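To keep things clear, I will list the structure first and then write my remarks on it.
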Amino acid sequence: MKSSRMLGLIMIAPAAIMILLFFLMPVVLTGVFSMTNMTTATGISGGAYQIAPHSLNDLKSTMPDIAEQMSQPRYTIDETGLKAVEGLGLDAGIATELRAKHMGEVFKTRREAERMIKGLDQGPSTTQVKQISEQFNRSVVNSRFSSRQELFTALDTLGFKLTDAQKDSIAEATYTGWNWTTENFSRIVSSPDMARVLFNTLLYVALVLVLFNTTYAMLLAIWTHYMPAAPATIFRSIWLLPRITPVVIYVLMWKWLAWDTGFISVLMGKFGYPPKNYLLDNAYNAWLFVILINGFIGASMGMLVFSSALKAIPKSQFFASEVDGASRWQQIRYIILPQMRWPILFVTCYQTLSLLASFNEILLSTRGGPGKATEVWSLAAYHTALNNYAGNLEYGLGAAMALVLVVIGIVLSLFYLRIFNYGTLVSRPLIED
Amino acid sequence: MRVLLDNFSKSFGTTKVIENMTLEVGHGEMLALLGPSGCGKSTTLFAICGIHRPTGGRILFGDRDVTDLPSQARNIGVVFQSYALYPHMTVAENIGFPLKVKGMPGEDIRKEVDRISGLVHIGNLLGRRPAELSGGQQQRVALARALVRKPDVLLLDEPLANLDAKLRLEMRSEIRRIQRETGITAILVTHDQVEAMSMCDRIAIMKEGEIVQIATPAEMYNDPRTAFVAGFLGNPPITFLRGVMANGAFAIPDSEIRVPLPVSIAASEGTKLMLGVRPEHFTPAGDIAVSGKVTFAETQGRENLYDVSLDGGPLLRSIQPVRHDVNIGDAVTWAIDSKGVLVFADDGRRL
Ligand SMILES: Nc1ncnc2c1ncn2[C@@H]1O[C@H](COP(=O)(O)OP(=O)(O)OP(=O)(O)O)[C@@H](O)[C@H]1O
Ligand SMILES: [Mg+2]
């Protein structure tokens with residue numbers, strides 16, 4: 001008993017490692033990313049503190065006074081400024097006097113600073129006053145600090161007396177890197193765009209799955225089952241073509257069919273209709289093509305699975321049911337379909353997950369258009385996180401969308417297992433311990 | 001209902017399995033199709049139930065020509081060798097299936113299923129699935145399913161092949177009882193001669209797609225038309241001695257053995273002959289003594305079985321009441337009962 005457990009563990013170990021590396025790790029990473037606001041702008045490593053105009057704008061709402069002060073220039077008499085003044089080639093006494101009397105003083109406005117300079121014993125001229133005051137301008141706007149520590153040391157020397165809470169808000173507003181946040185999810189939940197994409201996704205998965213991946217696949221399997229062997233093989237091979245053709249070429253063929261110089265346009269031209277792009281003409285057409293393109297690919301897998309499951313039903317059961325008086329339809333209804341529960345479950349589960357995750361056919365054909373009519377969740381995630389026209393890729397939001405997809409997939413799988421009564425489908429192991 | 005195969009032929013591609021077979025099964029009769037593996041028994045049965053289309057000839061149920069009717073329209077019950085129960089249905093659903101596809105209301109189906117399952121003694125198993133039944137129970141379910149629609153003809157393809165010896169014995173009489181009770185015309189396919197002899201009114205022996213002889217079990221046992229038939233019936237089987245005609249007697253060259261033959265057997269001097277001796281006709285009580293050495297001894301409880309190698313080399317088999325004084329290697333002198341022997345020409349024809 002113990003040894004068979006052990007053997008079992010050893011046998012699943014390679015698969016377990018694979019699952020850990022190639023499934024769990026990405027999911028965990030996606031989870032981590034989804035809790036951040038990473039974008040192209042923040043980068044994925046840490047950021048700096050920059051008192052940019054937009055961060056001051058942000059601060060205005062919470063602490064208008066401080067924001068206003070920070071946006072103003074400040075004048076501090078410091079060693080750097082004095083050195084610069086010495087370098088101006090003015091009367092050397094000016095710098096000496098400033099260092100002796102005013103070292104370390106901070107002036108809130110230019111006017112205050114200049115009044116002080118004017119009042120110096122050396123009595124610089126008005127143009128000189130302007131020149132000198134400029135050397136002590138210590139405005140923080142647009143200056144960049146690599147750490148929080150540096151930011152507040154600088155602000156402190158500029159005479160900002162800040163409470164801890166104020167410091168926190170300033171640090172947050174000026175930070176250019178990414179932050180931990182749950183905002184992605186609240187955006188997903190509240191955005192009407194997302195609701196639309198979700199609806200598209202459900203429509204897409206449901207239609208392709210129900211019409212093609214299961215129903216039509218089952219029809220194909222049953223048709224070919226009752227056909228003589230040779231035509232059945234040919235028929236099955238034809239339906240395999242969409243699957244084995246490289247997807248780029250396959251979608252290109254559909255485009256040839258639907259483009260304004262394509263087959264349909266030429267054909268309709270014969271009846272006097274002007275040529276147009278039937279693929280992107282309107283949302284209904286786009287949907288029709290999206291579903292056909294994906295359906296033709298998806299039907300073959302169900303067909304193969306169902307066909308082999310059909311072959312596994314002993315011939316004698318078909319003989320017996322015929323002798324029992326069952327018509328072909330009754331044979332399908334009472335003998336074939338009830339024994340197809342497991343393959344149907346498998347195909348439904350598998351195809352739901354792959355439809356949820358796959359967007360390449362849509363990307364290659366409609367790109368989610370016209371407008372966003374055929375934008376599905378995975379494509380939207382791709383557009384958000386990896387490829388869009390605006391150029392600001394929102395990794396965090398994209399990851400959150402992907403995570404939502406994973407959760408939807410898991411929930412649906414559990415739901416399928418439940419309605420197909422998984423427990424009764426799996427027989428108990430032959431070897432008991 | 002009478003079943004008639006009229007000049008029936010069946011070939012698969014270029015393989016001719018049955019050629020011009022004519023066979024009639026009377027109303028209420030139970031007939032065995034008996035023959036070695038591959039002789040075409042199942043093929044014949046499948047043609048009768050409409051799974052295979054004949055390549056030639058006609059099939060009649062009563063006076064109705066069913067040759068071109070699909071299985072569904074023939075009203076037959078079939079018990080397949082593998083039973084072919086539907087694994088996803090309960091016993092009750094399996095049995096009721098032929099009625100359900102006919103559109104019978106559920107209440108009536110239940111009544112019929114109860115009735116028929118009582119007949120085959122499986123009333124307590126109706127809720128189970130086939131996988132939860134023993135072989136014998138599955139066999140009864142298959143039988144019940146075949147009978148439930150009150151078929152005109154019942155076809156059984158080696159229905160007992162998968163059962164253990166005791167169950168087989170039980171089911172033999174059970175099937176026969178049900179067949180008698182329902183008065184149904186039945187055809188039993190088997191390669192077990194005991195089954196054929198004990199269950200059926202008549203036996204049709206087949207060899208390579210042809211029917212060699214049709215007769216009642218007793219007739220066939222006592223009066224086989226060929227050596228093949230004689231060899232097929234009887235357990236333990238008959239043994240054959242090869243010899244020639246000499247002075248109105250069967251003689252084995254280079255040996256003392258002479259078996260006088262009835263005058264009715266007209267064969268010229270020196271013709272090669274085969275003498276069939278059934279084990280019960282080679283005992284201490286016969287009239288033509290032969291000597292040999294016991295090469296094999298086996299007790300079957302009530303009887304003992306011996307193989308005796310004669311001086312000339314040929315083998316005779318003997319069955320006798322249990323005795324303990326003869327062992328392997330002993331020399332014995334027992335006797336052939338000359339009235340019981342069967343004489344065949346060299347090609348197997350009965351003389
Ligand atoms: N579908 C087929 N195609 C070609 N030959 C076949 C086919 N079915 C049966 N045969 C051949 O026909 C012959 C008779 O087959 P059949 O199944 O009737 O034998 P059987 O008498 O039932 O033997 P068994 O006792 O082993 O079941 C065999 O030689 C077999 O190879
Ligand atoms: Mg057979």
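Chain identifiers are assigned as A, B, and so on, following the order in which chains appear in the structure tokens; residues are numbered from 1 within each chain, and ligands are numbered from 1 in order of appearance.
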
Residues of chain A no more than 9 Å from chain B, counting only C-alpha atoms: send them over as a compact mmCIF listing (two decimals) with N, CA, C and O atoms, in the first residue's frame.
# COMPACT_ATOMS: atom_id res chain seq x y z
N PRO A 314 -18.91 -1.12 -28.60
CA PRO A 314 -18.87 -2.39 -29.33
C PRO A 314 -19.93 -2.44 -30.43
O PRO A 314 -21.05 -2.01 -30.24
N LYS A 315 -19.53 -2.99 -31.56
CA LYS A 315 -20.44 -3.12 -32.70
C LYS A 315 -21.71 -3.84 -32.31
O LYS A 315 -22.80 -3.53 -32.80
N SER A 316 -21.55 -4.82 -31.44
CA SER A 316 -22.71 -5.64 -31.11
C SER A 316 -23.83 -4.80 -30.51
O SER A 316 -25.01 -5.15 -30.64
N GLN A 317 -23.47 -3.67 -29.86
CA GLN A 317 -24.53 -2.82 -29.31
C GLN A 317 -25.36 -2.18 -30.42
O GLN A 317 -26.57 -1.98 -30.26
N PHE A 318 -24.69 -1.88 -31.53
CA PHE A 318 -25.45 -1.32 -32.65
C PHE A 318 -26.33 -2.40 -33.27
O PHE A 318 -27.49 -2.16 -33.58
N PHE A 319 -25.76 -3.59 -33.42
CA PHE A 319 -26.56 -4.70 -33.94
C PHE A 319 -27.76 -4.93 -33.04
O PHE A 319 -28.90 -5.04 -33.51
N ALA A 320 -27.48 -5.02 -31.74
CA ALA A 320 -28.55 -5.33 -30.80
C ALA A 320 -29.65 -4.28 -30.88
O ALA A 320 -30.84 -4.62 -30.91
N SER A 321 -29.26 -3.01 -30.95
CA SER A 321 -30.30 -1.99 -30.94
C SER A 321 -31.10 -2.02 -32.24
O SER A 321 -32.30 -1.75 -32.24
N GLU A 322 -30.44 -2.37 -33.34
CA GLU A 322 -31.21 -2.50 -34.58
C GLU A 322 -32.21 -3.62 -34.50
O GLU A 322 -33.37 -3.49 -34.89
N VAL A 323 -31.72 -4.75 -33.97
CA VAL A 323 -32.62 -5.89 -33.82
C VAL A 323 -33.75 -5.54 -32.85
O VAL A 323 -34.89 -5.98 -33.05
N ASP A 324 -33.44 -4.74 -31.84
CA ASP A 324 -34.47 -4.34 -30.88
C ASP A 324 -35.48 -3.39 -31.49
O ASP A 324 -36.44 -2.99 -30.82
N GLY A 325 -35.22 -2.95 -32.71
CA GLY A 325 -36.21 -2.13 -33.40
C GLY A 325 -35.91 -0.64 -33.37
O GLY A 325 -36.75 0.16 -33.79
N ALA A 326 -34.71 -0.25 -32.89
CA ALA A 326 -34.42 1.18 -32.79
C ALA A 326 -34.12 1.75 -34.17
O ALA A 326 -33.33 1.17 -34.93
N SER A 327 -34.74 2.87 -34.48
CA SER A 327 -34.40 3.56 -35.72
C SER A 327 -33.04 4.19 -35.55
O SER A 327 -32.49 4.22 -34.44
N GLN A 330 -33.14 6.84 -32.97
CA GLN A 330 -33.22 6.29 -31.61
C GLN A 330 -31.88 5.70 -31.17
O GLN A 330 -31.52 5.76 -30.00
N ILE A 335 -28.43 5.13 -27.55
CA ILE A 335 -27.23 4.29 -27.42
C ILE A 335 -25.96 5.14 -27.51
O ILE A 335 -25.07 5.03 -26.67
N PRO A 338 -25.79 8.83 -24.83
CA PRO A 338 -25.54 8.60 -23.39
C PRO A 338 -24.13 8.07 -23.11
O PRO A 338 -23.60 8.30 -22.03
N GLN A 339 -23.52 7.40 -24.09
CA GLN A 339 -22.18 6.88 -23.85
C GLN A 339 -21.11 7.89 -24.25
O GLN A 339 -19.93 7.59 -24.24

Using only C-alpha atoms and all ligand atoms, tabulate the residues of chain B lying at most 10 Å from any atom of ligand 1, each with its closest atom pair and that distance in Å to one decimal, by chain and increasing residue number, as CSV.
residue,atom,partner,partner_atom_place_in_ligand_line,distance
B:Lys10,CA,ligand 1,12 (O),8.9
B:Ser11,CA,ligand 1,5 (N),7.5
B:Phe12,CA,ligand 1,4 (C),4.7
B:Gly13,CA,ligand 1,4 (C),7.0
B:Thr14,CA,ligand 1,4 (C),8.5
B:Thr15,CA,ligand 1,5 (N),6.2
B:Lys16,CA,ligand 1,12 (O),7.6
B:Val17,CA,ligand 1,12 (O),5.0
B:Ile18,CA,ligand 1,14 (C),8.1
B:Leu33,CA,ligand 1,21 (O),8.9
B:Leu34,CA,ligand 1,21 (O),8.4
B:Gly35,CA,ligand 1,21 (O),6.6
B:Pro36,CA,ligand 1,25 (O),5.9
B:Ser37,CA,ligand 1,25 (O),3.6
B:Gly38,CA,ligand 1,19 (O),3.5
B:Cys39,CA,ligand 1,21 (O),4.0
B:Gly40,CA,ligand 1,18 (O),3.1
B:Lys41,CA,ligand 1,21 (O),3.7
B:Ser42,CA,ligand 1,22 (O),3.6
B:Thr43,CA,ligand 1,18 (O),3.7
B:Thr44,CA,ligand 1,18 (O),6.4
B:Leu45,CA,ligand 1,18 (O),7.9
B:Phe46,CA,ligand 1,18 (O),8.3
B:Ala47,CA,ligand 1,18 (O),9.8
B:His52,CA,ligand 1,1 (N),8.9
B:Gln81,CA,ligand 1,27 (O),8.6
B:Asp157,CA,ligand 1,22 (O),8.1
B:Glu158,CA,ligand 1,27 (O),7.8
B:Val189,CA,ligand 1,22 (O),7.7
B:Thr190,CA,ligand 1,25 (O),6.8
B:His191,CA,ligand 1,25 (O),6.0
B:Asp192,CA,ligand 1,25 (O),9.4
B:Met206,CA,ligand 1,21 (O),8.3
B:Lys207,CA,ligand 1,21 (O),8.7
B:Glu208,CA,ligand 1,14 (C),8.0
B:Gly209,CA,ligand 1,14 (C),7.4

Name all residues at most 12 Å from Val263 (chain B) (count only C-alpha atoms; drop same-chain ones fewer than 6 positions away) and give them as a PyMOL selection string.
chain B and resi 245+247-250+351

Would you kindly return, as a PyMOL selection string, each protein, DNA or RNA residue with an atom no farther than 8 Å from any atom of region 168-179 of chain A, considering only C-alpha atoms and excluding same-chain residues fewer than 4 positions away?
chain A and resi 36-39+41-52+55-56+58-59+148+164

What does the structure give for the distance between CA of Asp108 (chain B) and CA of Arg129 (chain B), in Å to one decimal?
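One can read the CA of Asp108 (chain B) to CA of Arg129 (chain B) distance as 21.4 Å.
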
What's the 8 Å shell around Val277 (chain B), counting only C-alpha atoms, without same-chain residues fewer than 5 positions away, as a list in words?
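Near Val277 (chain B), the qualifying residues are Ile238, Thr239, Phe240, Leu241, Phe282, Leu316, Ile336, Gly340, Val341 and Leu342 of chain B.
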
Near region 187-193 of chain A, within 12 Å and counting only C-alpha atoms, which residues show up once chain neighbours fewer than 5 positions away are dropped, as an NGL selection string?
:A and (34 or 37 or 181-182 or 198-200 or 371-373 or 375-377 or 380-381 or 384 or 396-405)

With DSSP run on the backbone, what are the strand (DSSP E or B) residues within region 88-217 of chain A? I'd like them as a list of chain:residue names.
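These are the residues in question: A:Val106, A:Phe107, A:Asn137, A:Arg144, A:Phe145, A:Tyr175, A:Trp180.
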
Since we have the selection now, will you write its residues out, keeping N, CA and C atoms, as a compact mmCIF listing (two decimals), in the first residue's frame?
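Output below, filename part.txt:
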# COMPACT_ATOMS: atom_id res chain seq x y z
N VAL A 106 16.24 81.53 4.12
CA VAL A 106 15.36 81.05 3.06
C VAL A 106 14.31 82.12 2.80
N PHE A 107 14.09 82.47 1.54
CA PHE A 107 13.08 83.46 1.19
C PHE A 107 11.99 82.81 0.37
N ASN A 137 18.00 80.64 -6.63
CA ASN A 137 16.68 80.04 -6.92
C ASN A 137 16.77 78.52 -6.72
N ARG A 144 14.42 65.87 -9.55
CA ARG A 144 14.23 64.43 -9.45
C ARG A 144 15.12 63.91 -8.32
N PHE A 145 14.54 63.03 -7.48
CA PHE A 145 15.31 62.48 -6.36
C PHE A 145 15.24 60.97 -6.44
N TYR A 175 5.99 59.86 -6.90
CA TYR A 175 6.69 58.63 -7.24
C TYR A 175 6.43 58.27 -8.70
N TRP A 180 1.73 49.10 -5.42
CA TRP A 180 0.74 48.06 -5.16
C TRP A 180 -0.64 48.72 -5.13

For Thr214 (chain A): contacts at 10 Å, only C-alpha atoms, fewer than 3 positions along chain excluded, given as a list of chain:residue names:
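With the cut-off at 10 Å, the set is A:Val208, A:Leu209, A:Val210, A:Leu211, A:Ala217, A:Met218, A:Leu219, A:Leu220, A:Gly295, A:Gly298, A:Ala299, A:Ser300, A:Met301, A:Gly302, A:Met303, A:Phe306, A:Pro343, A:Ile344, A:Leu345, A:Val347, A:Thr348, A:Gln351.
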
So which bits of region 323-381 of chain A end up alpha helix (DSSP H) when you DSSP the backbone, as a PyMOL selection string?
chain A and resi 323+328-330+341-357+360-365+377-381

Two-atom distance - CA of Asn285 (chain A), CA of Leu202 (chain A) (Å)
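Distance reported for this atom pair: 17.8 Å.
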
Nearest residue to ligand 2 out of B:Leu188, B:Leu167, B:Ile116, B:Leu147, using only C-alpha atoms and all ligand atoms?
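Looking at the shortest contact to ligand 2, the residue is B:Leu188.
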
I need the residue nearest ligand 2 from this list: B:Pro159, B:Gly243, B:Pro105, B:Pro260. Use only C-alpha atoms and all ligand atoms for the distance.
B:Pro159
